[in-house]
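Student: Below is a structure I'd like to ask you about.
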Amino acid sequence: MIRIKNLDIKPTEHEKEKASNSYLMSLVGIIIGLPIPIVNLICTLIFFFGNRNATYFVKWHCTQALISQFILLIVNNIAFWWTISIIIDFNNFSNAYFAYILVLFIFNITEFIMTIYSAIETRKGIQVEWWIYGGLTNLILNSKNEKNNI
Amino acid sequence: MKKIIFEFSITICLFIGLWFGFSQIDWVNIFRIDELNAKTEEQLGDLSWDYFSISENEIQENEILKTVDSLVNHIAIANGIETDKIKLHIINTDEVNAFALPDGHLVLNSQLILEAKNQEELAGVISHELAHIELDHINEKITQEIGLAVLISAISGGNNQVIGNVVHTLSSTAFDRKNEEDADLTAVIYLEKANINPIPFADFLNRIADEDPNSEFETWFSTHPDSKERSKSVFKKINKSKTDYIQIINNSTWEKLKEQLSNLDK
């Protein structure tokens with residue numbers, strides 16, 4: 001799920017702290033925002049835009065955190081609106097609904113643990129790349145020709 | 001890029017696989033969802049009926065109730081509907097109307113029975129209301145118009161205003177066109193399964209459409225609009241080759257029922 005990559009450069013203390021904070025922002029967002037699954041994305045988005053001109057290491061982790069929250073937003077929103085439709089419609093609880101909520105719970109818990117782990121490791125200056133998100137982050141940042149010293 | 005697509009595909013497959021796997025477990029039964037809803041519906045049905053019956057004159061004569069009940073029971077048994085679930089009430093009033101309240105309360109006005117030319121017409125209206133109950137149109141309508149949260153708070157807090165709204169919604173306003181049509185077509189199936197001729201039901205809808213909307217039919221028109229068109233679609237649905245129809249009540253009992261109802265003081 002998570003790959004650790006060796007860096008050519010050594011991030012400064014300030015960079016490590018900022019990169020680690022990008023994950024912490026999404027965690028704070030999750031805690032504040034439940035059950036409305038958009039606050040975590042907004043928090044991460046604000047942090048992302050606040051660090052647009054930061055160094056590549058900081059920007060890389062802000063982008064990975066943002067992508068992770070964006071995908072979480074999509075799957076959580078399906079559950080949110082499905083639940084709303086059930087509340088309005090009274091009698092539509094189904095096995096598929098409960099199964100979706102359970103899968104979503106596993107998905108969210110996994111991502112929550114991965115976020116905490118990433119925040120800790122990034123604070124130590126270790127480059128952690130997530131399954132899918134790491135590749136997507138590399139793709140986005142490399143396409144902008146910003147690859148330099150990672 | 002290939003790596004991302006591969007990882008993404010694996011994740012999607014895992015997500016769908018887990019979802020499908022967990023869907024095989026009967027969560028609805030485990031969490032007793034139907035039971036919870038049934039309890040809520042039962043409370044709502046009792047509160048609605050209590051509210052409605054205060055201002056209405058319910059007929060208590062055993063003979064009248066028994067005759068109409070025999071029609072209701074025959075249709076219900078023929079269609080696998082639990083007879084205990086249906087609570088029949090006949091209201092002594094000169095307004096023509098029939099409607100259902102939550103938890104199987106079936107309300108028929110005495111004037112409707114008097115306007116019916118034969119038992120098949122009455123059986124048609126009963127089947128139509130049974131269809132609304134069985135197709136869950138009652139819950140659907142009140143939750144759409146009033147909202148589940150308001151309903152639950154009204155049940156727990158005994159809010160009479162909300163219960164009044166529930167009763168008004170169900171007794172004075174129509175279901176949407178699709179639900180009315182579904183109930184009509186299901187009524188035809190119920191009648192045919194019960195070996196009751198459904199043609200008089202179509203005739204009844206057609207005949208009533210020509211009545212004066214400002215007469216005793218006023219509430220009927222507000223709860224059952226577009227009778228003419230519905231009569232046509234009911235007629236289309238009828239299985240014309242079926243002929244083995246029976247009478248549930250004998251003619252003398254039917255006439256006696258009407259006589260008893262017309263002799264009641266309104």
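Chain labels follow the order of the structure tokens: the first chain is A, the next B, and so on; residue numbering restarts at 1 in every chain, and ligands are counted from 1 in their shown order.
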Do me a favour and pick out the residues of chain A within 6 Å of chain B, using only C-alpha atoms, as a list in words.
Tutor: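 So the contacting residues turn out to be Asn95, Ala96, Ala99, Tyr100, Ile132 and Gly135 of chain A.
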Student: DSSP on the backbone, alpha helix (DSSP H) only: what residues of chain A does that give? Format it as JSON, numbers by chain.
Tutor: {"A": [13, 14, 15, 16, 17, 18, 19, 20, 21, 22, 23, 24, 25, 26, 27, 28, 29, 30, 31, 32, 33, 39, 40, 41, 42, 43, 44, 45, 46, 47, 48, 49, 50, 56, 57, 58, 59, 60, 61, 62, 63, 64, 65, 66, 67, 68, 69, 70, 71, 72, 73, 74, 75, 76, 77, 78, 79, 80, 81, 82, 83, 84, 85, 86, 87, 88, 89, 95, 96, 97, 98, 99, 100, 101, 102, 103, 104, 105, 106, 107, 108, 109, 110, 111, 112, 113, 114, 115, 116, 117, 118, 119, 120, 121, 122, 123, 133, 134, 135, 136, 137, 138, 139, 140, 141, 142, 143]}
Student: For Thr55 of chain A, which residue among A:Ile9, A:Val103, A:Cys43, A:Ile74 is the nearest when counting only C-alpha atoms?
Tutor: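 Checking each of A:Ile9, A:Val103, A:Cys43, A:Ile74 against Thr55 of chain A, counting only C-alpha atoms, the winner is A:Ile9.
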Student: Ranking A:Ser68, A:Asn53, A:Asn40, A:Thr12 by minimum distance to Met114 of chain A and counting only C-alpha atoms, which one comes first?
Tutor: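 Of the candidates, the smallest distance to Met114 of chain A is held by A:Ser68.
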Student: Can you list, as a list in words, every protein, DNA or RNA residue that comes within 6 Å of Ala202 of chain B when you count only C-alpha atoms, leaving out same-chain residues fewer than 6 positions away?
Tutor: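 Within the cut-off, the hits are Ser231, Val234 and Phe235 of chain B.
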Student: Those same residues, written as a PDB file, in the first residue's frame with N, CA and C atoms?
Tutor:
```
ATOM      1  N   SER B 231     -60.396   4.612 -15.997  1.00  0.00           N
ATOM      2  CA  SER B 231     -61.385   3.588 -16.363  1.00  0.00           C
ATOM      3  C   SER B 231     -60.953   2.871 -17.645  1.00  0.00           C
ATOM      4  N   VAL B 234     -57.978   0.593 -16.958  1.00  0.00           N
ATOM      5  CA  VAL B 234     -58.439  -0.591 -16.215  1.00  0.00           C
ATOM      6  C   VAL B 234     -59.085  -1.570 -17.193  1.00  0.00           C
ATOM      7  N   PHE B 235     -59.915  -1.029 -18.073  1.00  0.00           N
ATOM      8  CA  PHE B 235     -60.624  -1.876 -19.037  1.00  0.00           C
ATOM      9  C   PHE B 235     -59.630  -2.624 -19.941  1.00  0.00           C
TER      10      PHE B 235
END
```
Student: At what distance in Å, to one decimal, does atom CA of Lys39 of chain B lie from atom CA of Asp182 of chain B?
Tutor: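 Separating atom CA of Asp182 of chain B from atom CA of Lys39 of chain B is a distance of 26.0 Å.
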Student: Measuring atom to atom with only C-alpha atoms, identify which of B:Asp184, B:Ile152, B:Arg177, B:Trp220 is nearest to Ile87 of chain A.
Tutor: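 Selected residue with least distance to Ile87 of chain A: B:Ile152.
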Student: Got a sec to tell me which of segment 79-256 of chain B DSSP assigns to strand (DSSP E or B), as a PyMOL selection string?
Tutor: chain B and resi 87-91+98-101+105-109
Student: Looking at only C-alpha atoms, which of B:Ile113, B:Val162, B:Ala100, B:Ala38 is the one that sits closest to Ile64 of chain B?
Tutor: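 Of all the options, B:Ile113 lies closest to Ile64 of chain B.
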Student: Write out as a ChimeraX atom specification which residues come within 10 Å of Gly125 of chain A when counting only C-alpha atoms, dropping same-chain ones fewer than 6 positions away.
Tutor: /A:6-7,9-13,15-17,19-20,57,119
Student: State, in Å with one decimal place, the distance from atom CA of Leu135 of chain B to atom CA of Asn118 of chain B.
Tutor: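 According to the coordinates, atom CA of Leu135 of chain B and atom CA of Asn118 of chain B are separated by 26.2 Å.
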Student: Gly157 of chain B: which residues within 12 Å, counting only C-alpha atoms, same-chain residues fewer than 6 positions away excluded, as a PDB file with C-alpha atoms, in the first residue's frame?
Tutor:
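Listed below is the output, part-v2.pdb:
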```pdb
ATOM      1  CA  GLN B  43     -47.651   3.514  15.881  1.00  0.00           C
ATOM      2  CA  LEU B  44     -48.314   5.956  13.064  1.00  0.00           C
ATOM      3  CA  LEU B  47     -52.184   7.622  16.026  1.00  0.00           C
ATOM      4  CA  ALA B 149     -37.716  12.997  10.534  1.00  0.00           C
ATOM      5  CA  VAL B 150     -40.913  14.987  11.234  1.00  0.00           C
ATOM      6  CA  LEU B 151     -42.955  11.771  11.285  1.00  0.00           C
ATOM      7  CA  ILE B 163     -50.708  13.495  12.731  1.00  0.00           C
TER       8      ILE B 163
END
```
Student: Can you tell me, as a VMD selection string, what residues are no more than 9 Å from Asp46 of chain B when counting only C-alpha atoms, ignoring any on the same chain fewer than 3 positions away?
Tutor: chain B and resid 41 to 43 49 to 51 102 to 103 105
Student: Store the residues picked out above, limited to N, CA, C and O atoms, as a compact mmCIF listing (two decimals), in the first residue's frame.
Tutor:
```
# COMPACT_ATOMS: atom_id res chain seq x y z
N GLU B 41 -44.62 2.12 11.69
CA GLU B 41 -45.84 2.19 10.90
C GLU B 41 -47.06 1.90 11.76
O GLU B 41 -48.09 2.55 11.64
N GLU B 42 -46.89 0.91 12.66
CA GLU B 42 -48.01 0.53 13.54
C GLU B 42 -48.39 1.71 14.44
O GLU B 42 -49.58 2.05 14.57
N GLN B 43 -47.38 2.36 15.00
CA GLN B 43 -47.65 3.51 15.88
C GLN B 43 -48.30 4.65 15.10
O GLN B 43 -49.27 5.26 15.56
N TRP B 49 -55.40 6.85 13.06
CA TRP B 49 -56.78 6.40 13.18
C TRP B 49 -57.45 7.05 14.40
O TRP B 49 -58.60 7.52 14.31
N ASP B 50 -56.72 7.12 15.52
CA ASP B 50 -57.28 7.76 16.73
C ASP B 50 -57.66 9.21 16.42
O ASP B 50 -58.73 9.68 16.82
N TYR B 51 -56.78 9.89 15.72
CA TYR B 51 -57.02 11.30 15.39
C TYR B 51 -58.25 11.43 14.49
O TYR B 51 -59.11 12.27 14.70
N PRO B 102 -51.83 4.51 7.40
CA PRO B 102 -50.72 3.58 7.63
C PRO B 102 -51.13 2.36 8.46
O PRO B 102 -52.10 2.41 9.21
N ASP B 103 -50.36 1.30 8.31
CA ASP B 103 -50.54 0.04 9.05
C ASP B 103 -51.87 -0.64 8.72
O ASP B 103 -52.53 -1.22 9.60
N HIS B 105 -54.95 0.35 7.84
CA HIS B 105 -56.30 0.86 8.16
C HIS B 105 -57.00 1.21 6.85
O HIS B 105 -56.58 2.11 6.13
```
Student: Which residues come within 7 Å of Ser22 of chain A, counting only C-alpha atoms, excluding same-chain residues fewer than 4 positions away, as a list in words?
Tutor: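 Residues meeting the cut-off are Lys18, Ser26, Thr44, Phe47, His61, Cys62 and Ala65 of chain A.
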Student: Write out the residues from the selection above, keeping N, CA and C atoms, as a PDB file, in the first residue's frame.
Tutor:
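Once written, result33.pdb looks like this:
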```
ATOM      1  N   LYS A  18       6.187  21.050   7.082  1.00  0.00           N
ATOM      2  CA  LYS A  18       5.084  21.465   6.190  1.00  0.00           C
ATOM      3  C   LYS A  18       4.478  20.271   5.465  1.00  0.00           C
ATOM      4  N   SER A  26      -5.736  17.022   6.545  1.00  0.00           N
ATOM      5  CA  SER A  26      -6.852  16.180   6.113  1.00  0.00           C
ATOM      6  C   SER A  26      -7.449  15.421   7.295  1.00  0.00           C
ATOM      7  N   THR A  44      -7.670  20.315   2.977  1.00  0.00           N
ATOM      8  CA  THR A  44      -6.476  19.921   2.218  1.00  0.00           C
ATOM      9  C   THR A  44      -6.260  20.862   1.038  1.00  0.00           C
ATOM     10  N   PHE A  47      -4.756  24.115   2.208  1.00  0.00           N
ATOM     11  CA  PHE A  47      -3.331  23.902   2.514  1.00  0.00           C
ATOM     12  C   PHE A  47      -2.522  23.762   1.219  1.00  0.00           C
ATOM     13  N   HIS A  61       3.904  16.260  -1.334  1.00  0.00           N
ATOM     14  CA  HIS A  61       3.072  15.656  -0.286  1.00  0.00           C
ATOM     15  C   HIS A  61       1.709  16.338  -0.176  1.00  0.00           C
ATOM     16  N   CYS A  62       1.687  17.662  -0.432  1.00  0.00           N
ATOM     17  CA  CYS A  62       0.382  18.358  -0.446  1.00  0.00           C
ATOM     18  C   CYS A  62      -0.490  17.769  -1.558  1.00  0.00           C
ATOM     19  N   ALA A  65      -1.724  14.231  -0.614  1.00  0.00           N
ATOM     20  CA  ALA A  65      -2.798  14.342   0.385  1.00  0.00           C
ATOM     21  C   ALA A  65      -4.097  14.808  -0.286  1.00  0.00           C
TER      22      ALA A  65
END
```
Student: Between A:Ser85, A:Asn77, A:Asn21, A:Asn138, single out the one closest to Gly50 of chain A, counting only C-alpha atoms.
Tutor: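 Of all the options, A:Asn21 lies closest to Gly50 of chain A.
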